[in-house]
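Data block below; observations after.
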Amino acid sequence: MPELFDRDTSFAPAFQIRLDTLIRLRWLAIAGQTVAVLGVYLGLGVELPLALCLAAIALSAALNLWLRIAYPVTERLNTLRAAMLLGFDILQLAVLLALTGGLANPFSMLFLAPVLISATSLPPLPTTILGLLAFACVTVLAFFHLPLPWPGSDFSVPFLYVAGTWTAISISLGFIGIYAWRVADEGRQLSEALAATELVLAREQHISALDGLAAAAAHELGTPLATIRLVVRELEKGVPEGPVKEDVTLLREQVDRCREILKKLTSLHEDDAPHSEMTIRHLLEDVVAPHREFGVAIGIDARDDARREPVVRRNPAVLYGLGNLVENAVDFAGSEVRIEARWDNAEIAVTIMDDGPGFPPEVLARLGDPYLTTRGARRAGPDTDRPGLGLGVFIAKTLLERSGARVGFDNGEQGAIVRVTWPRAAFELAKA
């Protein structure tokens, strides 16, 4: 039963509510209910079943005290327990309203509060169940309740008014629940997608850090290895022919091998500086290279005019962003993907075009939002039998925009078109 209340388990933590939050909200409700009941009874002199009303409020307070004692402040509720506590709040409110006039009581609109909390914090299934519970309570209260307390005389509310209140609460339960769920869900999706973007950048930074650590280790180990090699060579000269000399010779060879490995590590790090600068053609070749083995022809057209070709910094974020867009183009293309690069003194533009079906009109305006996908099935495999979540395009668009680019999506006469444009001053490597 509990698993029915959870949506995608990969994002289950997004639906966990802090117990302390619900306890504080319930204390607020308890205070409001107590003031309302005592104010009507003592302040207005209205006769109502005070003992039963206070008993219902005391039950809610007792539950709050037990939760505070039994669980730590940092306790986070899973979906089932949170839904049960909100369901208790609905039933407790229904009891209070049954004792004080039912739907004729203006506080009957408070049925919306637990459903609204659920819609913003829990998956759709428990929110739907809580909405149905509230609807059932409202329906029962329309027919079964004590008379509305009224000072001085009995006051009978017309049934038409009760029916109107029932209709208003019922419609509000559905509308507000759906509205709050959509707004909260978009916020959750955006947060999860941004977290995925940060993971991509953190991975690239981690790789760069490992490169620096390797170079530092090579530099630090160079001196002791040189000393060991010198000692071994001296030993090799003084040891007579035999098994011991062979062992010393093997030791010297292994030391030389270690020095060669460290020399390669150091040279790789030193050679990284020239590779951190590349022309726009070389940048596009690096982006395209991993995608040439999927049966789709990829052509690059970088216009060679009188203007100097841009020399850009090697930026992992830009490489990943363009690479993801090229990957999508290859995935949807029929037989060809074309990449055009154009530049002038003001801007640099890269256009990625394919001969596939293009973007569906209904999603074209929302491309770049997380959890929006039209992924095809060109690349079949164990990891691609699931529909995509649209995170790839979102991450690519976010990374490219962080580099100063504008990303636009459109359809051509045949296939999709993605345009990425940077201000040249922001993207080009300034040379001394």
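Please note that chains go A, B, ... in the order of the structure tokens, that every chain numbers its residues from 1, and that ligands are numbered from 1 in the order shown.
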
Practice problem: Write out as a PyMOL selection string each polymer residue whose atoms come within 12 Å of A:Glu327, counting only C-alpha atoms; drop sequence neighbours fewer than 5 positions from it. | Solution: chain A and resi 287-294+296+298+319-322+332-333+337+352-354+375-376+378-379+392-393+396

Just write the chosen residues, N, CA and C atoms, as a PDB file, in the first residue's frame.
ATOM      1  N   VAL A 287      33.255  18.511 -30.919  1.00  0.00           N
ATOM      2  CA  VAL A 287      31.866  18.242 -30.541  1.00  0.00           C
ATOM      3  C   VAL A 287      31.283  17.104 -31.366  1.00  0.00           C
ATOM      4  N   VAL A 288      31.601  17.088 -32.669  1.00  0.00           N
ATOM      5  CA  VAL A 288      30.977  16.146 -33.596  1.00  0.00           C
ATOM      6  C   VAL A 288      31.614  14.754 -33.523  1.00  0.00           C
ATOM      7  N   ALA A 289      32.901  14.676 -33.207  1.00  0.00           N
ATOM      8  CA  ALA A 289      33.640  13.412 -33.299  1.00  0.00           C
ATOM      9  C   ALA A 289      32.940  12.220 -32.631  1.00  0.00           C
ATOM     10  N   PRO A 290      32.410  12.331 -31.425  1.00  0.00           N
ATOM     11  CA  PRO A 290      31.793  11.143 -30.805  1.00  0.00           C
ATOM     12  C   PRO A 290      30.499  10.681 -31.463  1.00  0.00           C
ATOM     13  N   HIS A 291      29.943  11.471 -32.397  1.00  0.00           N
ATOM     14  CA  HIS A 291      28.621  11.157 -32.949  1.00  0.00           C
ATOM     15  C   HIS A 291      28.692  10.738 -34.417  1.00  0.00           C
ATOM     16  N   ARG A 292      29.867  10.423 -34.923  1.00  0.00           N
ATOM     17  CA  ARG A 292      30.003  10.066 -36.340  1.00  0.00           C
ATOM     18  C   ARG A 292      29.799   8.576 -36.593  1.00  0.00           C
ATOM     19  N   GLU A 293      29.530   7.789 -35.565  1.00  0.00           N
ATOM     20  CA  GLU A 293      29.458   6.340 -35.741  1.00  0.00           C
ATOM     21  C   GLU A 293      28.029   5.814 -35.654  1.00  0.00           C
ATOM     22  N   PHE A 294      27.045   6.623 -35.959  1.00  0.00           N
ATOM     23  CA  PHE A 294      25.656   6.192 -35.817  1.00  0.00           C
ATOM     24  C   PHE A 294      24.916   6.182 -37.145  1.00  0.00           C
ATOM     25  N   VAL A 296      24.755   8.412 -39.523  1.00  0.00           N
ATOM     26  CA  VAL A 296      24.230   9.702 -39.988  1.00  0.00           C
ATOM     27  C   VAL A 296      25.414  10.569 -40.420  1.00  0.00           C
ATOM     28  N   ILE A 298      27.483  13.794 -40.931  1.00  0.00           N
ATOM     29  CA  ILE A 298      27.533  15.083 -40.241  1.00  0.00           C
ATOM     30  C   ILE A 298      28.510  15.981 -40.989  1.00  0.00           C
ATOM     31  N   LEU A 319      31.245  22.657 -24.671  1.00  0.00           N
ATOM     32  CA  LEU A 319      31.399  21.385 -25.379  1.00  0.00           C
ATOM     33  C   LEU A 319      30.246  20.444 -25.057  1.00  0.00           C
ATOM     34  N   TYR A 320      29.870  20.377 -23.789  1.00  0.00           N
ATOM     35  CA  TYR A 320      28.765  19.492 -23.410  1.00  0.00           C
ATOM     36  C   TYR A 320      27.456  19.995 -24.001  1.00  0.00           C
ATOM     37  N   GLY A 321      27.202  21.303 -23.919  1.00  0.00           N
ATOM     38  CA  GLY A 321      25.951  21.837 -24.429  1.00  0.00           C
ATOM     39  C   GLY A 321      25.786  21.608 -25.929  1.00  0.00           C
ATOM     40  N   LEU A 322      26.820  21.966 -26.713  1.00  0.00           N
ATOM     41  CA  LEU A 322      26.747  21.731 -28.161  1.00  0.00           C
ATOM     42  C   LEU A 322      26.684  20.241 -28.471  1.00  0.00           C
ATOM     43  N   PHE A 332      17.406  12.170 -34.248  1.00  0.00           N
ATOM     44  CA  PHE A 332      16.165  12.371 -34.998  1.00  0.00           C
ATOM     45  C   PHE A 332      16.388  12.460 -36.508  1.00  0.00           C
ATOM     46  N   ALA A 333      17.627  12.605 -36.948  1.00  0.00           N
ATOM     47  CA  ALA A 333      17.890  12.827 -38.369  1.00  0.00           C
ATOM     48  C   ALA A 333      17.540  11.595 -39.199  1.00  0.00           C
ATOM     49  N   VAL A 337      23.053  15.466 -40.875  1.00  0.00           N
ATOM     50  CA  VAL A 337      23.044  16.603 -39.964  1.00  0.00           C
ATOM     51  C   VAL A 337      24.047  17.618 -40.490  1.00  0.00           C
ATOM     52  N   ILE A 352      22.595  24.202 -36.038  1.00  0.00           N
ATOM     53  CA  ILE A 352      22.564  22.744 -36.163  1.00  0.00           C
ATOM     54  C   ILE A 352      21.246  22.372 -36.835  1.00  0.00           C
ATOM     55  N   MET A 353      21.339  21.701 -37.998  1.00  0.00           N
ATOM     56  CA  MET A 353      20.151  21.339 -38.779  1.00  0.00           C
ATOM     57  C   MET A 353      20.160  19.849 -39.079  1.00  0.00           C
ATOM     58  N   ASP A 354      18.987  19.236 -39.060  1.00  0.00           N
ATOM     59  CA  ASP A 354      18.879  17.825 -39.438  1.00  0.00           C
ATOM     60  C   ASP A 354      17.747  17.665 -40.443  1.00  0.00           C
ATOM     61  N   ARG A 375      11.770  12.337 -27.704  1.00  0.00           N
ATOM     62  CA  ARG A 375      12.916  11.506 -28.096  1.00  0.00           C
ATOM     63  C   ARG A 375      12.492  10.323 -28.945  1.00  0.00           C
ATOM     64  N   GLY A 376      13.304  10.076 -29.978  1.00  0.00           N
ATOM     65  CA  GLY A 376      13.076   8.930 -30.827  1.00  0.00           C
ATOM     66  C   GLY A 376      13.798   7.708 -30.321  1.00  0.00           C
ATOM     67  N   ARG A 378      16.374   5.925 -32.230  1.00  0.00           N
ATOM     68  CA  ARG A 378      17.452   5.508 -33.121  1.00  0.00           C
ATOM     69  C   ARG A 378      18.480   4.694 -32.379  1.00  0.00           C
ATOM     70  N   ARG A 379      18.834   5.161 -31.185  1.00  0.00           N
ATOM     71  CA  ARG A 379      19.899   4.490 -30.448  1.00  0.00           C
ATOM     72  C   ARG A 379      19.270   3.496 -29.483  1.00  0.00           C
ATOM     73  N   GLY A 392      18.254  16.603 -20.923  1.00  0.00           N
ATOM     74  CA  GLY A 392      19.442  16.857 -21.740  1.00  0.00           C
ATOM     75  C   GLY A 392      19.389  18.208 -22.424  1.00  0.00           C
ATOM     76  N   VAL A 393      18.261  18.513 -23.077  1.00  0.00           N
ATOM     77  CA  VAL A 393      18.122  19.798 -23.765  1.00  0.00           C
ATOM     78  C   VAL A 393      18.115  20.936 -22.743  1.00  0.00           C
ATOM     79  N   ALA A 396      21.720  21.406 -21.602  1.00  0.00           N
ATOM     80  CA  ALA A 396      22.485  22.027 -22.678  1.00  0.00           C
ATOM     81  C   ALA A 396      22.148  23.503 -22.820  1.00  0.00           C
TER      82      ALA A 396
END

Exercise. List the neighbours of stretch 54-61 of chain A out to 8 Å using only C-alpha atoms; skip same-chain residues closer than 3 positions along the sequence, and give me the result as a PyMOL selection string.
Key: chain A and resi 26-27+30+33-34+50-51+64-65+89+92+95-96

Once you have the residues from the selection above, write them out as an mmCIF file, in the first residue's frame, restricted to C-alpha atoms.
data_model
loop_
_atom_site.group_PDB
_atom_site.id
_atom_site.type_symbol
_atom_site.label_atom_id
_atom_site.label_comp_id
_atom_site.auth_asym_id
_atom_site.auth_seq_id
_atom_site.Cartn_x
_atom_site.Cartn_y
_atom_site.Cartn_z
ATOM 1 C CA ARG A 26 -1.643 22.224 13.441
ATOM 2 C CA TRP A 27 -0.793 24.363 16.506
ATOM 3 C CA ILE A 30 -5.694 24.605 17.237
ATOM 4 C CA GLN A 33 -10.264 26.900 16.601
ATOM 5 C CA THR A 34 -9.996 27.554 20.345
ATOM 6 C CA LEU A 50 -18.738 23.553 24.225
ATOM 7 C CA ALA A 51 -17.486 20.339 25.863
ATOM 8 C CA ASN A 64 0.559 17.119 18.339
ATOM 9 C CA LEU A 65 2.105 16.577 21.765
ATOM 10 C CA ASP A 89 -7.012 17.213 10.076
ATOM 11 C CA GLN A 92 -11.224 16.712 12.972
ATOM 12 C CA VAL A 95 -16.379 16.913 13.560
ATOM 13 C CA LEU A 96 -16.123 20.554 14.665
#

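Proximity to A:Arg281 was assessed for A:Leu86, A:Val311, A:Leu194, A:Val363 counting only C-alpha atoms; the smallest distance is recorded for A:Val311.
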
Practice problem: Would you mind listing what lies within 8 Å of stretch 414-425 of chain A as a list of chain:residue names, with only C-alpha atoms counted and same-chain residues fewer than 6 positions away left out? | Solution: A:Leu325, A:Ala329, A:Ala333, A:Trp343, A:Asp344, A:Asn345, A:Ala346, A:Glu347, A:Ile348, A:Ala349, A:Val350, A:Thr351, A:Ile352, A:Met353, A:Asp354, A:Asp355, A:Gly356, A:Pro357, A:Gly358, A:Phe359, A:Gly404, A:Ala405, A:Arg406, A:Val407, A:Gly408

Quiz prompt | Two-atom distance - atom CA of A:Val157, atom CA of A:Gly174 (Å) | solution = 25.7 Å

Exercise. Assign secondary structure with DSSP using the backbone only, and return the residues of stretch 37-237 of chain A in helix (DSSP H, G or I) as a PyMOL selection string.
Key: chain A and resi 37-43+50-70+79-99+102-104+106-121+124-143+159-237
